[in-house]
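Student: Got query-v8.csv for you, CSV, C-alpha atoms and all ligand atoms:
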```
chain,number,residue,atom,x,y,z
Z,1494,MET,CA,-16.4,24.0,-17.7
Z,1495,ILE,CA,-13.8,25.4,-15.3
Z,1496,ARG,CA,-10.4,25.6,-16.9
Z,1497,VAL,CA,-7.6,23.7,-15.3
Z,1498,ASP,CA,-5.7,26.9,-14.5
Z,1499,GLU,CA,-8.7,28.2,-12.6
Z,1500,LYS,CA,-9.2,24.9,-10.7
Z,1501,LEU,CA,-5.6,25.0,-9.6
Z,1502,ILE,CA,-5.8,28.5,-8.4
Z,1503,LEU,CA,-8.9,27.6,-6.4
Z,1504,ARG,CA,-7.1,24.7,-4.7
Z,1505,GLY,CA,-3.9,26.6,-4.3
Z,1506,GLY,CA,-1.9,24.1,-6.3
Z,1507,HIS,CA,1.7,25.0,-7.1
Z,1508,MET,CA,2.4,22.8,-10.1
Z,1509,LEU,CA,6.2,22.6,-9.9
Z,1510,PHE,CA,7.8,20.8,-12.8
Z,1511,CYS,CA,11.3,19.6,-12.5
Z,1512,THR,CA,14.0,17.5,-14.1
Z,1513,TYR,CA,16.0,15.3,-11.8
Z,1514,ILE,CA,18.5,12.5,-11.6
Z,1515,TYR,CA,17.4,9.4,-9.7
Z,1516,GLU,CA,19.4,6.1,-9.7
Z,1517,GLY,CA,21.5,7.4,-12.6
Z,1518,GLN,CA,18.5,8.2,-14.8
Z,1519,GLU,CA,17.3,11.7,-15.9
Z,1520,CYS,CA,13.6,12.0,-15.3
Z,1521,VAL,CA,10.8,14.6,-15.5
Z,1522,GLY,CA,8.7,15.0,-12.4
Z,1523,ILE,CA,6.1,17.0,-10.5
Z,1524,ILE,CA,6.9,18.2,-7.0
Z,1525,ASP,CA,4.2,18.2,-4.3
Z,1526,ASP,CA,3.1,21.5,-2.8
Z,1527,ASN,CA,5.1,20.9,0.4
Z,1528,LYS,CA,8.3,20.2,-1.7
Z,1529,GLN,CA,8.8,16.9,0.1
Z,1530,LYS,CA,8.4,14.5,-2.8
Z,1531,VAL,CA,8.8,14.2,-6.5
Z,1532,PHE,CA,6.5,12.1,-8.7
Z,1533,ASP,CA,8.0,10.5,-11.8
Z,1534,MET,CA,6.1,11.7,-14.8
Z,1535,LYS,CA,6.8,8.4,-16.6
Z,1536,GLU,CA,5.0,6.5,-14.0
Z,1537,LEU,CA,2.0,8.9,-14.0
Z,1538,PHE,CA,1.7,8.7,-17.8
Z,1539,VAL,CA,1.8,4.9,-17.7
Z,1540,LYS,CA,-1.0,4.9,-15.2
Z,1541,LEU,CA,-3.0,7.1,-17.6
Z,1542,GLY,CA,-2.2,4.7,-20.5
Z,1543,ILE,CA,-0.4,7.4,-22.4
Z,1544,ALA,CA,3.2,7.3,-23.8
Z,1545,PRO,CA,5.3,9.5,-21.5
Z,1546,PRO,CA,7.2,12.5,-22.8
Z,1547,LYS,CA,10.9,11.8,-23.0
Z,1548,ASP,CA,11.9,15.2,-21.5
Z,1549,MET,CA,10.6,18.5,-20.2
Z,1550,ILE,CA,10.4,20.0,-23.7
Z,1551,GLU,CA,8.2,17.2,-24.9
Z,1552,LEU,CA,5.9,17.6,-21.8
Z,1553,ILE,CA,5.6,21.3,-22.4
Z,1554,ALA,CA,4.9,20.8,-26.1
Z,1555,MET,CA,2.0,18.4,-25.3
Z,1556,LYS,CA,0.0,21.5,-24.2
Z,1557,SER,CA,-2.1,19.1,-22.1
Z,1558,ASP,CA,-4.1,21.1,-19.5
Z,1559,ASP,CA,-6.4,18.1,-19.0
Z,1560,LEU,CA,-3.5,15.7,-18.6
Z,1561,ILE,CA,-1.9,18.0,-16.0
Z,1562,GLU,CA,-5.1,17.9,-14.1
Z,1563,ASP,CA,-5.2,14.1,-14.2
Z,1564,MET,CA,-1.6,14.0,-13.1
Z,1565,GLU,CA,-2.3,16.2,-10.1
Z,1566,GLN,CA,-5.0,13.7,-9.0
Z,1567,LEU,CA,-2.7,10.8,-9.6
Z,1568,CYS,CA,-0.1,12.5,-7.4
Z,1569,ASP,CA,-2.6,12.3,-4.5
Z,1570,ILE,CA,-2.4,8.5,-4.6
Z,1571,ALA,CA,1.1,7.9,-5.9
Z,1572,SER,CA,3.9,7.3,-3.4
Z,1573,GLY,CA,6.6,9.6,-4.9
Z,1574,ILE,CA,10.3,9.8,-4.2
Z,1575,PRO,CA,11.6,11.9,-1.2
Z,1576,MET,CA,13.3,15.0,-2.5
Z,1577,GLU,CA,16.5,14.3,-0.7
Z,1578,GLU,CA,17.0,11.2,-2.8
Z,1579,VAL,CA,17.1,13.1,-6.1
Z,1580,ARG,CA,19.4,15.6,-7.7
Z,1581,LEU,CA,17.7,18.4,-9.5
Z,1582,THR,CA,19.1,19.5,-12.8
Z,1583,SER,CA,18.1,22.5,-14.8
Z,1584,PRO,CA,14.4,22.0,-15.5
Z,1585,ILE,CA,15.3,22.2,-19.2
Z,1586,PRO,CA,18.8,20.6,-19.3
Z,1587,HIS,CA,18.9,20.3,-23.1
Z,1588,PRO,CA,17.3,23.5,-24.7
Z,1589,ILE,CA,16.2,23.3,-28.3
Z,1590,ARG,CA,18.3,26.4,-29.1
Z,1591,ASN,CA,20.2,29.3,-27.5
Z,1592,VAL,CA,18.7,30.9,-24.5
Z,1593,PHE,CA,17.1,34.3,-25.3
Z,1594,CYS,CA,18.1,37.1,-22.9
Z,1595,LEU,CA,17.4,40.8,-22.3
Z,1596,GLY,CA,20.2,43.2,-21.3
Z,1597,LYS,CA,19.6,46.4,-19.4
Z,1598,ASN,CA,15.9,45.8,-18.5
Z,1599,TYR,CA,15.9,47.4,-15.0
Z,1600,HIS,CA,16.5,51.2,-14.5
Z,1601,ASP,CA,18.7,50.8,-11.5
Z,1602,HIS,CA,21.0,48.3,-13.2
Z,1603,ILE,CA,21.5,50.7,-16.2
Z,1604,LYS,CA,22.5,53.4,-13.7
Z,1605,GLU,CA,25.1,51.2,-12.0
Z,1606,LEU,CA,26.7,50.2,-15.3
Z,1607,ALA,CA,26.9,53.7,-16.7
Z,1608,GLY,CA,30.5,54.6,-17.4
Z,1609,LYS,CA,31.7,51.0,-17.2
Z,1610,ARG,CA,33.5,49.4,-20.1
Z,1611,ILE,CA,30.6,47.2,-21.2
Z,1612,ASP,CA,28.2,50.1,-21.3
Z,1613,SER,CA,29.5,53.7,-21.4
Z,1614,THR,CA,26.2,55.5,-22.1
Z,1615,GLY,CA,23.7,54.7,-19.3
Z,1616,ASP,CA,20.8,55.4,-21.7
Z,1617,ILE,CA,17.5,53.7,-21.2
Z,1618,PRO,CA,17.0,51.5,-24.3
Z,1619,GLU,CA,14.3,52.5,-26.7
Z,1620,TYR,CA,14.0,48.8,-27.8
Z,1621,PRO,CA,14.7,45.7,-25.8
Z,1622,ILE,CA,18.4,44.7,-26.0
Z,1623,TYR,CA,18.5,41.0,-27.0
Z,1624,PHE,CA,21.4,38.6,-26.8
Z,1625,THR,CA,21.7,34.9,-26.3
Z,1626,LYS,CA,23.6,32.3,-24.2
Z,1627,ALA,CA,24.7,29.1,-26.0
Z,1628,VAL,CA,22.8,25.9,-25.3
Z,1629,SER,CA,26.0,24.4,-23.8
Z,1630,THR,CA,26.0,26.9,-20.9
Z,1631,ILE,CA,23.1,25.3,-19.1
Z,1632,THR,CA,23.8,24.2,-15.6
Z,1633,GLY,CA,21.6,23.0,-12.7
Z,1634,PRO,CA,20.4,24.5,-9.5
Z,1635,MET,CA,22.8,22.3,-7.4
Z,1636,ASP,CA,25.9,22.5,-9.6
Z,1637,ASP,CA,29.2,24.2,-9.4
Z,1638,VAL,CA,29.9,27.1,-11.8
Z,1639,VAL,CA,33.3,26.8,-13.3
Z,1640,MET,CA,35.6,29.8,-13.5
Z,1641,ASP,CA,38.7,29.2,-15.6
Z,1642,ARG,CA,41.2,31.8,-14.5
Z,1643,SER,CA,43.1,31.5,-17.8
Z,1644,VAL,CA,40.0,32.7,-19.6
Z,1645,THR,CA,38.4,35.2,-17.2
Z,1646,THR,CA,39.0,36.8,-13.8
Z,1647,LYS,CA,35.9,38.9,-13.7
Z,1648,VAL,CA,32.9,36.6,-13.3
Z,1649,ASP,CA,29.7,38.2,-12.2
Z,1650,TYR,CA,26.2,37.1,-11.1
Z,1651,GLU,CA,22.8,38.3,-12.4
Z,1652,VAL,CA,19.5,36.9,-10.9
Z,1653,GLU,CA,16.7,37.0,-13.4
Z,1654,LEU,CA,13.0,35.9,-13.8
Z,1655,VAL,CA,12.9,33.3,-16.6
Z,1656,ILE,CA,9.9,32.8,-19.0
Z,1657,ILE,CA,9.3,29.3,-20.4
Z,1658,ILE,CA,7.4,29.4,-23.7
Z,1659,GLY,CA,4.6,26.8,-23.8
Z,1660,LYS,CA,3.1,27.2,-27.3
Z,1661,ASP,CA,4.7,27.9,-30.7
Z,1662,GLY,CA,3.9,31.3,-32.0
Z,1663,LYS,CA,5.0,34.1,-34.3
Z,1664,ASP,CA,3.8,37.7,-34.3
Z,1665,ILE,CA,2.1,37.1,-31.0
Z,1666,GLU,CA,-0.2,39.9,-30.0
Z,1667,VAL,CA,0.4,41.5,-26.6
Z,1668,GLU,CA,-3.0,40.3,-25.3
Z,1669,ASP,CA,-2.3,36.7,-26.3
Z,1670,VAL,CA,1.1,36.4,-24.7
Z,1671,TYR,CA,0.1,34.5,-21.6
Z,1672,ASP,CA,-1.5,31.8,-23.8
Z,1673,HIS,CA,2.0,31.2,-25.1
Z,1674,ILE,CA,3.7,30.9,-21.7
Z,1675,PHE,CA,4.0,27.6,-19.9
Z,1676,GLY,CA,5.5,28.9,-16.7
Z,1677,TYR,CA,8.4,30.6,-14.9
Z,1678,SER,CA,11.7,29.7,-13.4
Z,1679,ILE,CA,14.8,31.5,-11.9
Z,1680,GLY,CA,18.0,32.1,-13.8
Z,1681,ASN,CA,21.5,33.2,-13.0
Z,1682,ASP,CA,23.0,34.8,-16.1
Z,1683,PHE,CA,26.7,34.4,-15.1
Z,1684,SER,CA,28.8,36.8,-17.0
Z,1685,ALA,CA,32.6,37.2,-17.7
Z,1686,ARG,CA,32.8,41.0,-17.7
Z,1687,ASP,CA,36.3,41.1,-19.1
Z,1688,LEU,CA,35.2,39.1,-22.1
Z,1689,GLN,CA,32.1,41.2,-22.6
Z,1690,ALA,CA,34.3,44.3,-22.7
Z,1691,ASN,CA,37.1,42.9,-24.8
Z,1692,HIS,CA,35.0,41.4,-27.5
Z,1693,ARG,CA,32.5,44.3,-27.7
Z,1694,GLN,CA,29.7,41.8,-28.0
Z,1695,TRP,CA,28.3,39.7,-25.2
Z,1696,LEU,CA,28.0,36.2,-26.7
Z,1697,LYS,CA,31.3,34.9,-25.5
Z,1698,GLY,CA,31.3,36.5,-22.1
Z,1699,LYS,CA,27.8,35.1,-21.5
Z,1700,SER,CA,28.4,31.7,-23.0
Z,1701,LEU,CA,31.3,30.0,-21.1
Z,1702,ASP,CA,30.4,26.5,-20.0
Z,1703,THR,CA,28.1,26.3,-16.9
Z,1704,PHE,CA,27.3,30.1,-17.1
Z,1705,CYS,CA,23.5,29.6,-17.5
Z,1706,ALA,CA,22.2,28.4,-14.1
Z,1707,MET,CA,18.5,27.6,-14.0
Z,1708,GLY,CA,16.2,26.1,-11.5
Z,1709,PRO,CA,15.2,24.8,-9.2
Z,1710,TRP,CA,12.0,24.0,-11.2
Z,1711,ILE,CA,9.4,25.6,-13.4
Z,1712,VAL,CA,6.3,26.9,-11.7
Z,1713,HIS,CA,3.2,26.6,-13.9
Z,1714,LYS,CA,1.9,30.0,-14.9
Z,1715,CYS,CA,-1.4,29.3,-13.1
Z,1716,ALA,CA,0.4,29.5,-9.7
Z,1717,ILE,CA,1.8,33.0,-10.4
Z,1718,LYS,CA,-1.1,35.5,-10.6
Z,1719,ASP,CA,1.1,38.4,-11.7
Z,1720,PRO,CA,4.7,37.9,-12.6
Z,1721,HIS,CA,5.3,41.6,-12.3
Z,1722,THR,CA,5.0,41.7,-8.5
Z,1723,LEU,CA,7.7,39.3,-7.4
Z,1724,ASP,CA,10.6,40.1,-5.0
Z,1725,ILE,CA,13.8,39.0,-6.6
Z,1726,ARG,CA,17.1,38.6,-4.8
Z,1727,CYS,CA,20.7,37.4,-5.1
Z,1728,LYS,CA,23.0,36.7,-2.2
Z,1729,VAL,CA,26.7,36.0,-2.2
Z,1730,ASN,CA,28.0,34.0,0.8
Z,1731,GLY,CA,24.8,35.0,2.6
Z,1732,GLU,CA,25.1,38.8,1.9
Z,1733,VAL,CA,22.3,40.3,-0.1
Z,1734,ARG,CA,23.7,41.9,-3.2
Z,1735,GLN,CA,20.6,42.2,-5.4
Z,1736,SER,CA,17.2,42.9,-4.0
Z,1737,SER,CA,14.4,44.3,-6.2
Z,1738,ASN,CA,11.0,43.4,-7.6
Z,1739,THR,CA,9.9,42.4,-11.0
Z,1740,GLN,CA,7.6,45.4,-11.2
Z,1741,TYR,CA,10.7,47.5,-12.1
Z,1742,MET,CA,11.3,45.8,-15.4
Z,1743,ILE,CA,11.5,48.4,-18.2
Z,1744,PHE,CA,9.9,46.0,-20.8
Z,1745,ASP,CA,7.3,43.8,-19.3
Z,1746,ILE,CA,6.5,40.2,-20.1
Z,1747,PRO,CA,3.7,40.7,-22.7
Z,1748,TYR,CA,5.9,43.3,-24.4
Z,1749,ILE,CA,9.0,41.1,-24.5
Z,1750,VAL,CA,7.3,38.0,-25.8
Z,1751,SER,CA,5.2,39.9,-28.4
Z,1752,ASP,CA,8.2,41.9,-29.6
Z,1753,LEU,CA,10.6,39.0,-29.7
Z,1754,SER,CA,8.1,36.9,-31.7
Z,1755,LYS,CA,7.8,39.5,-34.5
Z,1756,GLY,CA,9.2,37.7,-37.5
Z,1757,LEU,CA,10.8,35.1,-35.2
Z,1758,GLU,CA,8.8,32.1,-34.3
Z,1759,LEU,CA,9.0,31.2,-30.6
Z,1760,ARG,CA,8.7,27.5,-29.8
Z,1761,ALA,CA,7.5,25.5,-26.9
Z,1762,GLY,CA,10.4,25.1,-24.6
Z,1763,ASP,CA,12.1,28.3,-25.5
Z,1764,ILE,CA,13.7,30.1,-22.5
Z,1765,ILE,CA,13.8,33.8,-22.1
Z,1766,PHE,CA,15.8,35.6,-19.4
Z,1767,THR,CA,14.2,38.9,-18.6
Z,1768,GLY,CA,17.1,40.9,-17.3
Z,1769,THR,CA,18.6,41.7,-13.9
Z,1770,PRO,CA,18.2,44.4,-11.3
Z,1771,SER,CA,21.1,46.4,-9.7
Z,1772,GLY,CA,23.6,45.0,-7.3
Z,1773,VAL,CA,25.8,43.0,-9.7
Z,1774,GLY,CA,29.5,42.8,-8.8
Z,1775,LEU,CA,30.5,45.2,-11.6
Z,1776,GLY,CA,28.2,47.9,-10.1
Z,1777,PHE,CA,30.4,48.2,-6.9
Z,1778,ASP,CA,33.4,50.4,-6.6
Z,1779,PRO,CA,35.7,48.7,-6.6
Z,1780,PRO,CA,33.9,45.8,-8.4
Z,1781,ARG,CA,33.2,42.7,-6.4
Z,1782,PHE,CA,33.7,39.7,-8.7
Z,1783,LEU,CA,33.2,36.1,-7.8
Z,1784,LYS,CA,36.0,33.9,-6.5
Z,1785,ASP,CA,36.7,30.3,-5.7
Z,1786,GLY,CA,34.3,28.8,-3.2
Z,1787,ASP,CA,31.7,31.7,-3.3
Z,1788,VAL,CA,28.2,30.5,-2.8
Z,1789,VAL,CA,25.6,32.4,-4.9
Z,1790,GLU,CA,21.9,32.1,-4.1
Z,1791,CYS,CA,19.2,33.3,-6.4
Z,1792,GLU,CA,15.6,33.6,-5.1
Z,1793,ILE,CA,12.3,34.8,-6.6
Z,1794,GLU,CA,9.1,35.1,-4.5
Z,1795,GLY,CA,6.5,32.4,-5.5
Z,1796,ILE,CA,9.1,30.3,-7.3
Z,1797,GLY,CA,11.9,29.3,-4.9
Z,1798,SER,CA,15.6,29.5,-4.7
Z,1799,PHE,CA,18.8,27.7,-5.6
Z,1800,ILE,CA,22.5,27.8,-4.9
Z,1801,ASN,CA,25.6,27.5,-7.1
Z,1802,THR,CA,29.2,27.3,-5.8
Z,1803,ILE,CA,32.0,28.9,-7.8
Z,1804,LYS,CA,34.8,26.5,-8.6
Z,1805,GLU,CA,38.1,27.9,-10.0
Z,1806,VAL,CA,40.1,25.7,-12.3
I,1901,MG,MG,21.5,39.2,-17.7
```
Would you encode the structure as structure tokens?
Ligand code: MG

Tutor:
Amino acid sequence: MIRVDEKLILRGGHMLFCTYIYEGQECVGIIDDNKQKVFDMKELFVKLGIAPPKDMIELIAMKSDDLIEDMEQLCDIASGIPMEEVRLTSPIPHPIRNVFCLGKNYHDHIKELAGKRIDSTGDIPEYPIYFTKAVSTITGPMDDVVMDRSVTTKVDYEVELVIIIGKDGKDIEVEDVYDHIFGYSIGNDFSARDLQANHRQWLKGKSLDTFCAMGPWIVHKCAIKDPHTLDIRCKVNGEVRQSSNTQYMIFDIPYIVSDLSKGLELRAGDIIFTGTPSGVGLGFDPPRFLKDGDVVECEIEGIGSFINTIKEV
């Protein structure tokens, strides 16, 4: 029997999973390969005679390769909703716990931060540097990012490849990691550099409301043959600031997931930001932090792109 992953690769399916608002309701959907329509997951499940998942995390936790295949076929005959009629939210708008993140996972980014207040050493880490962003930071791919000037004046951007865990696991072996991944998304790890430096610990500077932008959807892992070959870019007002490739990660995806899962159970729906390449605002001399009205676009090859606008309050 051919596995669903193989079938989808054969037919070139993209399998884009999203969360969206339509007529005031938050829904989970699949987007067609041309990105013209979104199909309501609830409707597809009802057609299959199965109770629909209430959100993206429930869908991911169903681990339903066969169901996904059935849904793809149903999409061929369902009418769908035109994309312009929905508003995409973060694909996982309500994470089960804090977002896991890696710091300093690209050589060129370490170089640009050397000597700065948040990292004076410039050393290549021997072990992955983990930190988290609070659940409440999550914001969507079409939303404003709020910059409260009474709290921070040094807001920065960081485009990152995001791993979505698909299956619970602890002490996951490196060779089993891809079995535990559902798919990939794009993140912008917005960071208040002044708070990172002042508090000597990154949690607060990384956890202001709206500081974890994610989207525009999750691409199922079967559509990304190798997640370590993807061009990754961030533009501010159309100017390319970050431009790299995921091949330059210091710790790769099998290593990260396996290492993080040692003594720490990863759960379906967990979100892991894999670090950012060089070109962040802090890396410039003088630094180029974000200001009111700036438009920040994050893009990763094979996944898509999204835009946030900075809103000062
Ligand atoms: Mg980061």

Student: Once you count all atoms listed in the file, which residues end up within 10 Å of ligand MG 1901 (chain I), and could you hand them over as number ranges by chain?

Tutor: Z: 1594-1598, 1623-1626, 1649-1654, 1680-1684, 1699, 1705, 1766-1770, 1773

Student: Could you give me, as a VMD selection string, the residues that sit within 6 Å of (8.0, 40.5, -9.6) in the file's coordinates, counting all atoms listed in the file?

Tutor: chain Z and resid 1720 to 1724 1738 to 1740

Student: Would you output that residue set with C-alpha atoms, as a PDB file, in the coordinates of the input?

Tutor:
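result-v6.pdb was written with the following content:
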```pdb
ATOM      1  CA  PRO Z1720       4.700  37.900 -12.600  1.00  0.00           C
ATOM      2  CA  HIS Z1721       5.300  41.600 -12.300  1.00  0.00           C
ATOM      3  CA  THR Z1722       5.000  41.700  -8.500  1.00  0.00           C
ATOM      4  CA  LEU Z1723       7.700  39.300  -7.400  1.00  0.00           C
ATOM      5  CA  ASP Z1724      10.600  40.100  -5.000  1.00  0.00           C
ATOM      6  CA  ASN Z1738      11.000  43.400  -7.600  1.00  0.00           C
ATOM      7  CA  THR Z1739       9.900  42.400 -11.000  1.00  0.00           C
ATOM      8  CA  GLN Z1740       7.600  45.400 -11.200  1.00  0.00           C
TER       9      GLN Z1740
END
```

Student: So how many Å separate atom CA of Gly1731 of chain Z and atom CA of Asp1778 of chain Z, to one decimal?

Tutor: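 Separation between atom CA of Gly1731 of chain Z and atom CA of Asp1778 of chain Z: 19.9 Å.
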
Student: Calculate how many Å separate atom CA of Asn1730 of chain Z from atom CA of Ser1678 of chain Z, rounding to one decimal.

Tutor: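 Rounded to one decimal, the two atoms are 22.0 Å apart.
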
Student: Quote the spacing between atom CA of Arg1590 of chain Z and atom CA of Ile1765 of chain Z in Å to one decimal place.

Tutor: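 A separation of 11.1 Å between them.
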
Student: Tell me which of Z:Phe1777, Z:Phe1704, Z:Phe1799, Z:Phe1532 sits closest to Met1640 of chain Z, counting all atoms listed in the file.

Tutor: Z:Phe1704

Student: When you count all atoms listed in the file, which of these residues is closest to Thr1802 of chain Z: Z:Leu1783, Z:Val1733, Z:Ile1574, Z:Val1670?

Tutor: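 So, comparing all the options, the nearest one is Z:Leu1783.
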
Student: Can you list, as a ChimeraX atom specification, every protein, DNA or RNA residue that comes within 12 Å of Ser1643 of chain Z when you count all atoms listed in the file, leaving out same-chain residues fewer than 4 positions away?

Tutor: /Z:1639,1647,1685,1687-1688,1805-1806

Student: Tell me, as a ChimeraX atom specification, which residues lie within 10 Å of Ile1585 of chain Z, counting only C-alpha atoms; anything in the same chain fewer than 6 positions away does not count.

Tutor: /Z:1510-1512,1521,1548-1550,1631-1633,1657,1707-1708,1710-1711,1762-1764

Student: For Pro1586 of chain Z, which residue among Z:Ala1571, Z:Ala1706, Z:Val1539, Z:Ala1607 is the nearest when counting only C-alpha atoms?

Tutor: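 Going through Z:Ala1571, Z:Ala1706, Z:Val1539, Z:Ala1607 one by one, the smallest distance to Pro1586 of chain Z is for Z:Ala1706.
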
Student: Of the candidates Z:Asp1601, Z:Glu1577, Z:Glu1794, Z:Asp1525, which one gets nearest to Met1742 of chain Z if we count all atoms listed in the file?

Tutor: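 With all atoms listed in the file as the atom set, the closest residue is Z:Asp1601.
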
Student: Which of these residues is nearest to Met1635 of chain Z, using only C-alpha atoms: Z:Pro1545, Z:Lys1535, Z:Asp1787, Z:Pro1709?

Tutor: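 Smallest separation from Met1635 of chain Z among the options: Z:Pro1709.
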
Student: Can you tell me, as a PyMOL selection string, what residues are no more than 12 Å from Asp1752 of chain Z when counting only C-alpha atoms, ignoring any on the same chain fewer than 5 positions away?

Tutor: chain Z and resi 1595+1620-1623+1662-1667+1670+1744-1747+1757-1759

Student: From the set Z:Gly1772, Z:Tyr1515, Z:Ile1793, Z:Val1638, which residue has the shortest atom-to-atom contact distance to Glu1732 of chain Z, counting all atoms listed in the file?

Tutor: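 Residue with the minimum atom-to-atom distance to Glu1732 of chain Z: Z:Gly1772.
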
Student: Find the spatial neighbours of Ala1554 of chain Z, counting only C-alpha atoms, within a cut-off of 10 Å - ignore same-chain residues fewer than 5 positions away - and output them as a ChimeraX atom specification.

Tutor: /Z:1546,1549,1658-1661,1675,1760-1762

Student: Where atoms are missing, can you supply N, CA, C and O atoms for segment 1778-1791 of chain Z and output the lot as a CSV table (one decimal), keeping the file's coordinate frame?

Tutor:
```csv
chain,number,residue,atom,x,y,z
Z,1778,ASP,N,32.1,49.8,-6.4
Z,1778,ASP,CA,33.4,50.4,-6.6
Z,1778,ASP,C,34.3,50.2,-5.4
Z,1778,ASP,O,34.0,50.8,-4.3
Z,1779,PRO,N,35.3,49.4,-5.4
Z,1779,PRO,CA,35.7,48.7,-6.6
Z,1779,PRO,C,34.8,47.5,-6.8
Z,1779,PRO,O,34.1,47.1,-5.9
Z,1780,PRO,N,34.8,46.9,-8.1
Z,1780,PRO,CA,33.9,45.8,-8.4
Z,1780,PRO,C,34.2,44.6,-7.5
Z,1780,PRO,O,35.3,44.4,-7.0
Z,1781,ARG,N,33.1,43.8,-7.2
Z,1781,ARG,CA,33.2,42.7,-6.4
Z,1781,ARG,C,32.9,41.4,-7.2
Z,1781,ARG,O,31.7,40.9,-7.2
Z,1782,PHE,N,33.9,40.9,-7.9
Z,1782,PHE,CA,33.7,39.7,-8.7
Z,1782,PHE,C,33.7,38.5,-7.9
Z,1782,PHE,O,34.2,38.5,-6.8
Z,1783,LEU,N,33.3,37.4,-8.5
Z,1783,LEU,CA,33.2,36.1,-7.8
Z,1783,LEU,C,34.6,35.4,-7.7
Z,1783,LEU,O,35.4,35.6,-8.6
Z,1784,LYS,N,34.8,34.6,-6.6
Z,1784,LYS,CA,36.0,33.9,-6.5
Z,1784,LYS,C,35.7,32.5,-6.0
Z,1784,LYS,O,34.6,32.1,-5.7
Z,1785,ASP,N,36.8,31.7,-6.1
Z,1785,ASP,CA,36.7,30.3,-5.7
Z,1785,ASP,C,35.9,30.0,-4.4
Z,1785,ASP,O,36.3,30.7,-3.4
Z,1786,GLY,N,35.0,29.2,-4.4
Z,1786,GLY,CA,34.3,28.8,-3.2
Z,1786,GLY,C,33.1,29.7,-2.8
Z,1786,GLY,O,32.3,29.4,-1.9
Z,1787,ASP,N,32.9,30.8,-3.6
Z,1787,ASP,CA,31.7,31.7,-3.3
Z,1787,ASP,C,30.4,30.9,-3.5
Z,1787,ASP,O,30.3,30.2,-4.5
Z,1788,VAL,N,29.5,31.2,-2.7
Z,1788,VAL,CA,28.2,30.5,-2.8
Z,1788,VAL,C,27.2,31.6,-3.2
Z,1788,VAL,O,27.0,32.6,-2.5
Z,1789,VAL,N,26.5,31.4,-4.4
Z,1789,VAL,CA,25.6,32.4,-4.9
Z,1789,VAL,C,24.2,31.8,-4.9
Z,1789,VAL,O,24.0,30.7,-5.4
Z,1790,GLU,N,23.3,32.5,-4.2
Z,1790,GLU,CA,21.9,32.1,-4.1
Z,1790,GLU,C,21.0,33.0,-4.8
Z,1790,GLU,O,21.0,34.2,-4.6
Z,1791,CYS,N,20.2,32.5,-5.7
Z,1791,CYS,CA,19.2,33.3,-6.4
Z,1791,CYS,C,17.8,32.9,-5.9
Z,1791,CYS,O,17.5,31.7,-5.7
```
